[in-house]
Structures are given as structure tokens and as C-alpha cells.
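Q: This is protein30.pdb (PDB, C-alpha atoms).
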ATOM      1  CA  MET A   1      21.482   2.964  -1.051
ATOM      2  CA  LYS A   2      21.499   0.198   1.509
ATOM      3  CA  PRO A   3      19.344  -2.857   0.722
ATOM      4  CA  ILE A   4      16.948  -2.173   3.600
ATOM      5  CA  GLU A   5      16.463   1.419   2.426
ATOM      6  CA  GLY A   6      15.688   0.139  -1.063
ATOM      7  CA  ILE A   7      13.080  -2.236   0.286
ATOM      8  CA  LYS A   8      11.501   0.526   2.372
ATOM      9  CA  LYS A   9      11.312   2.755  -0.715
ATOM     10  CA  ILE A  10       9.674  -0.004  -2.750
ATOM     11  CA  ILE A  11       7.080  -0.549  -0.017
ATOM     12  CA  ALA A  12       6.394   3.186   0.250
ATOM     13  CA  ASP A  13       6.063   3.490  -3.539
ATOM     14  CA  LYS A  14       3.607   0.567  -3.634
ATOM     15  CA  LYS A  15       1.505   2.133  -0.866
ATOM     16  CA  LYS A  16       1.385   5.394  -2.802
ATOM     17  CA  TRP A  17       0.411   3.572  -6.022
ATOM     18  CA  ARG A  18      -2.384   1.688  -4.218
ATOM     19  CA  ALA A  19      -3.697   4.915  -2.709
ATOM     20  CA  TYR A  20      -3.890   6.495  -6.154
ATOM     21  CA  ALA A  21      -5.542   3.340  -7.532
ATOM     22  CA  GLU A  22      -8.252   3.760  -4.894
ATOM     23  CA  ARG A  23      -8.783   7.331  -6.061
ATOM     24  CA  VAL A  24      -9.268   6.077  -9.625
ATOM     25  CA  LYS A  25     -11.981   3.703  -8.416
ATOM     26  CA  LYS A  26     -13.886   6.703  -7.060
ATOM     27  CA  LEU A  27     -13.960   8.466 -10.447
ATOM     28  CA  PRO A  28     -17.209   8.338 -12.445
ATOM     29  CA  PRO A  29     -17.292   5.398 -14.910
ATOM     30  CA  ASP A  30     -16.620   7.515 -18.017
ATOM     31  CA  TYR A  31     -13.642   9.183 -16.328
ATOM     32  CA  ARG A  32     -12.275   5.764 -15.297
ATOM     33  CA  ILE A  33     -12.462   4.574 -18.896
ATOM     34  CA  VAL A  34     -10.515   7.605 -20.126
ATOM     35  CA  TYR A  35      -8.007   7.192 -17.306
ATOM     36  CA  LYS A  36      -7.395   3.523 -18.159
ATOM     37  CA  GLU A  37      -6.906   4.297 -21.859
ATOM     38  CA  VAL A  38      -4.472   7.147 -21.191
ATOM     39  CA  GLU A  39      -2.612   5.084 -18.578
ATOM     40  CA  LYS A  40      -2.238   2.211 -21.045
ATOM     41  CA  TYR A  41      -1.014   4.631 -23.719
ATOM     42  CA  LEU A  42       1.534   6.207 -21.395
ATOM     43  CA  PHE A  43       2.984   2.867 -20.308
ATOM     44  CA  ASN A  44       3.146   1.610 -23.900
ATOM     45  CA  PHE A  45       4.862   4.673 -25.297
ATOM     46  CA  SER A  46       7.093   5.875 -22.490
ATOM     47  CA  SER A  47      10.807   5.351 -22.458
ATOM     48  CA  GLY A  48      13.260   4.652 -19.686
ATOM     49  CA  ASP A  49      12.312   3.079 -16.399
ATOM     50  CA  GLY A  50       8.806   4.533 -16.226
ATOM     51  CA  ILE A  51       9.415   6.795 -13.218
ATOM     52  CA  ASP A  52       8.398   9.877 -15.212
ATOM     53  CA  THR A  53       5.334   8.026 -16.431
ATOM     54  CA  VAL A  54       4.211   7.139 -12.905
ATOM     55  CA  ALA A  55       4.591  10.758 -11.803
ATOM     56  CA  GLY A  56       2.564  11.782 -14.847
ATOM     57  CA  ILE A  57      -0.127   9.270 -13.982
ATOM     58  CA  TYR A  58      -0.455  10.745 -10.509
ATOM     59  CA  GLN A  59      -0.925  14.167 -12.141
ATOM     60  CA  LEU A  60      -3.438  12.695 -14.580
ATOM     61  CA  ILE A  61      -5.548  11.317 -11.734
ATOM     62  CA  GLU A  62      -5.580  14.720 -10.056
ATOM     63  CA  PHE A  63      -6.504  16.381 -13.360
ATOM     64  CA  LEU A  64      -9.397  13.972 -13.949
ATOM     65  CA  GLU A  65     -10.596  14.301 -10.349
ATOM     66  CA  GLU A  66     -10.851  18.045 -10.884
ATOM     67  CA  GLY A  67     -13.001  17.611 -13.985
ATOM     68  CA  ALA A  68     -15.234  15.089 -12.247
ATOM     69  CA  GLN A  69     -15.640  17.334  -9.188
ATOM     70  CA  ASN A  70     -16.696  20.183 -11.465
ATOM     71  CA  GLN A  71     -19.167  17.813 -13.171
ATOM     72  CA  ILE A  72     -17.711  18.450 -16.619
ATOM     73  CA  PRO A  73     -18.463  15.655 -19.105
ATOM     74  CA  VAL A  74     -15.195  13.800 -19.621
ATOM     75  CA  LEU A  75     -15.057  14.284 -23.400
ATOM     76  CA  ALA A  76     -15.721  17.995 -22.956
ATOM     77  CA  TYR A  77     -12.878  18.051 -20.446
ATOM     78  CA  VAL A  78     -10.213  16.115 -22.377
ATOM     79  CA  GLY A  79     -11.579  16.521 -25.899
ATOM     80  CA  GLN A  80     -13.376  14.179 -28.274
ATOM     81  CA  ASP A  81     -10.190  12.360 -29.318
ATOM     82  CA  VAL A  82      -8.846  10.558 -26.254
ATOM     83  CA  GLY A  83      -5.863   9.237 -28.241
ATOM     84  CA  GLU A  84      -4.841  12.755 -29.191
ATOM     85  CA  PHE A  85      -5.250  13.840 -25.575
ATOM     86  CA  ALA A  86      -3.044  10.937 -24.463
ATOM     87  CA  GLU A  87      -0.311  11.841 -26.961
ATOM     88  CA  ASN A  88      -0.407  15.521 -26.046
ATOM     89  CA  TYR A  89      -0.352  14.620 -22.369
ATOM     90  CA  ARG A  90       2.641  12.318 -22.914
ATOM     91  CA  LYS A  91       4.461  15.122 -24.708
ATOM     92  CA  SER A  92       3.618  17.527 -21.884
ATOM     93  CA  LEU A  93       5.425  15.244 -19.458
ATOM     94  CA  ALA A  94       8.638  16.079 -21.345
ATOM     95  CA  THR A  95       9.525  12.441 -21.757
ATOM     96  CA  GLN A  96      10.502  10.775 -24.952
ATOM     97  CA  SER A  97       8.832   7.596 -25.978
ATOM     98  CA  TRP A  98      10.623   4.604 -27.390
ATOM     99  CA  ALA A  99       9.006   5.556 -30.707
ATOM    100  CA  ASP A 100      10.586   9.015 -30.530
ATOM    101  CA  ASP A 101      13.941   7.443 -29.702
ATOM    102  CA  TRP A 102      13.641   5.047 -32.633
ATOM    103  CA  HIS A 103      12.586   7.841 -34.995
ATOM    104  CA  GLU A 104      15.656   9.894 -34.051
ATOM    105  CA  LYS A 105      17.960   6.913 -34.599
ATOM    106  CA  VAL A 106      16.711   6.213 -38.119
ATOM    107  CA  GLN A 107      17.022   9.799 -39.292
TER     108      GLN A 107
END
Can you dump the structure from the file as C-alpha cells?

A:
Amino acid sequence: MKPIEGIKKIIADKKKWRAYAERVKKLPPDYRIVYKEVEKYLFNFSSGDGIDTVAGIYQLIEFLEEGAQNQIPVLAYVGQDVGEFAENYRKSLATQSWADDWHEKVQ
């Protein structure tokens, strides 16, 4: 990839991220709290360069928007244990976390 193409991709990716961040701001407060906790979990426990995690976060926002639009209480939508939801969601992204990588290495 030529340097200018790389810069254009970075700019486009940042614009996309900012657009999704604006969508998060429009979520109801309880949905925003769950989003922030799951986002933090995904970034802490993802492996690699984070590209899969970012794609998963975009999907998460869409998922939470759907629940909010249907006026489902957030804990009824994701379950009472947000940490468990975050772990199951991470696993559903088919990415391995650094913890999974470490666990495989020590066995």
C-alpha cells in the first residue's frame, strides 16, 4: 500500500469510528453504561491488532440500538450479568484473547 493510501484509510477509519461514537451517545444512559463496560472488556481481552475487536464493537452498537429501539430494559436484553455477556460476546467474535493465548501456551 502506498503511503498516501494508508493515510486515506486511517482518515476513513477515524471518520467511521467517530460516527459510531455519535451513535453511542444517542443510546439511553443504561445502554451507554453497558456499552462502555463491554467495550472496555473487549479491548482489554482481545488479541492481535484489535481490528476484529473494532468490527465487533460496531456490531455491538447495532445490537444495543436494536434493544433500545424496542424499549427493552438493557439487563433484560443482555442479561443480569454484564461481565458474562461481555465474555460470551467476545467468544462469539471468534477471536482469541491474550488470556486464551497464554492459557494454551502453559498447557

Q: As a check of understanding, name the residues that the PyMOL selection byres ((chain A and resi 74) around 12) selects in the supplied structure, as a VMD selection string.

A: chain A and resid 27 to 35 63 to 73 75 to 82 85

Q: So which one's closest to Tyr20 (chain A), A:Thr53, A:Lys91, A:Val38, A:Leu60? Using all atoms listed in the file, please.

A: A:Leu60

Q: Give me, as a ChimeraX atom specification, all polymer residues having an atom no more than 12 Å from Ala19 (chain A), counting only C-alpha atoms and skipping those fewer than 6 positions away in the same chain.

A: /A:12-13,25-26,58,61

Q: Using CA of Gly83 (chain A) and CA of Glu37 (chain A) as the two end points, give the distance in Å to one decimal.

A: 8.1 Å

Q: Kindly give the distance, in Å, that separates CA of Arg90 (chain A) and CA of Ile11 (chain A), rounded to a single decimal.

A: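 Straight-line distance from CA of Arg90 (chain A) to CA of Ile11 (chain A) works out to 26.6 Å.
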
Q: Could I get region 23-38 of chain A rebuilt with N, CA and C atoms, written as a compact mmCIF listing (two decimals), in the coordinates of the input?

A:
# COMPACT_ATOMS: atom_id res chain seq x y z
N ARG A 23 -8.19 6.08 -5.59
CA ARG A 23 -8.78 7.33 -6.06
C ARG A 23 -9.39 7.15 -7.44
N VAL A 24 -8.74 6.35 -8.28
CA VAL A 24 -9.27 6.08 -9.62
C VAL A 24 -10.61 5.37 -9.52
N LYS A 25 -10.73 4.44 -8.59
CA LYS A 25 -11.98 3.70 -8.42
C LYS A 25 -13.15 4.62 -8.05
N LYS A 26 -12.84 5.77 -7.47
CA LYS A 26 -13.89 6.70 -7.06
C LYS A 26 -14.32 7.65 -8.19
N LEU A 27 -13.58 7.63 -9.31
CA LEU A 27 -13.96 8.47 -10.45
C LEU A 27 -15.25 7.94 -11.07
N PRO A 28 -16.03 8.82 -11.71
CA PRO A 28 -17.21 8.34 -12.44
C PRO A 28 -16.77 7.34 -13.54
N PRO A 29 -17.66 6.45 -13.93
CA PRO A 29 -17.29 5.40 -14.91
C PRO A 29 -16.65 5.92 -16.19
N ASP A 30 -17.19 7.00 -16.78
CA ASP A 30 -16.62 7.52 -18.02
C ASP A 30 -15.21 8.09 -17.79
N TYR A 31 -14.97 8.68 -16.66
CA TYR A 31 -13.64 9.18 -16.33
C TYR A 31 -12.66 8.03 -16.11
N ARG A 32 -13.13 6.94 -15.49
CA ARG A 32 -12.28 5.76 -15.30
C ARG A 32 -11.86 5.16 -16.63
N ILE A 33 -12.79 5.12 -17.58
CA ILE A 33 -12.46 4.57 -18.90
C ILE A 33 -11.37 5.41 -19.56
N VAL A 34 -11.53 6.72 -19.53
CA VAL A 34 -10.52 7.60 -20.13
C VAL A 34 -9.19 7.44 -19.40
N TYR A 35 -9.24 7.38 -18.07
CA TYR A 35 -8.01 7.19 -17.31
C TYR A 35 -7.28 5.92 -17.75
N LYS A 36 -8.01 4.81 -17.81
CA LYS A 36 -7.40 3.52 -18.16
C LYS A 36 -6.77 3.57 -19.56
N GLU A 37 -7.44 4.21 -20.49
CA GLU A 37 -6.91 4.30 -21.86
C GLU A 37 -5.64 5.15 -21.90
N VAL A 38 -5.66 6.27 -21.21
CA VAL A 38 -4.47 7.15 -21.19
C VAL A 38 -3.34 6.46 -20.44
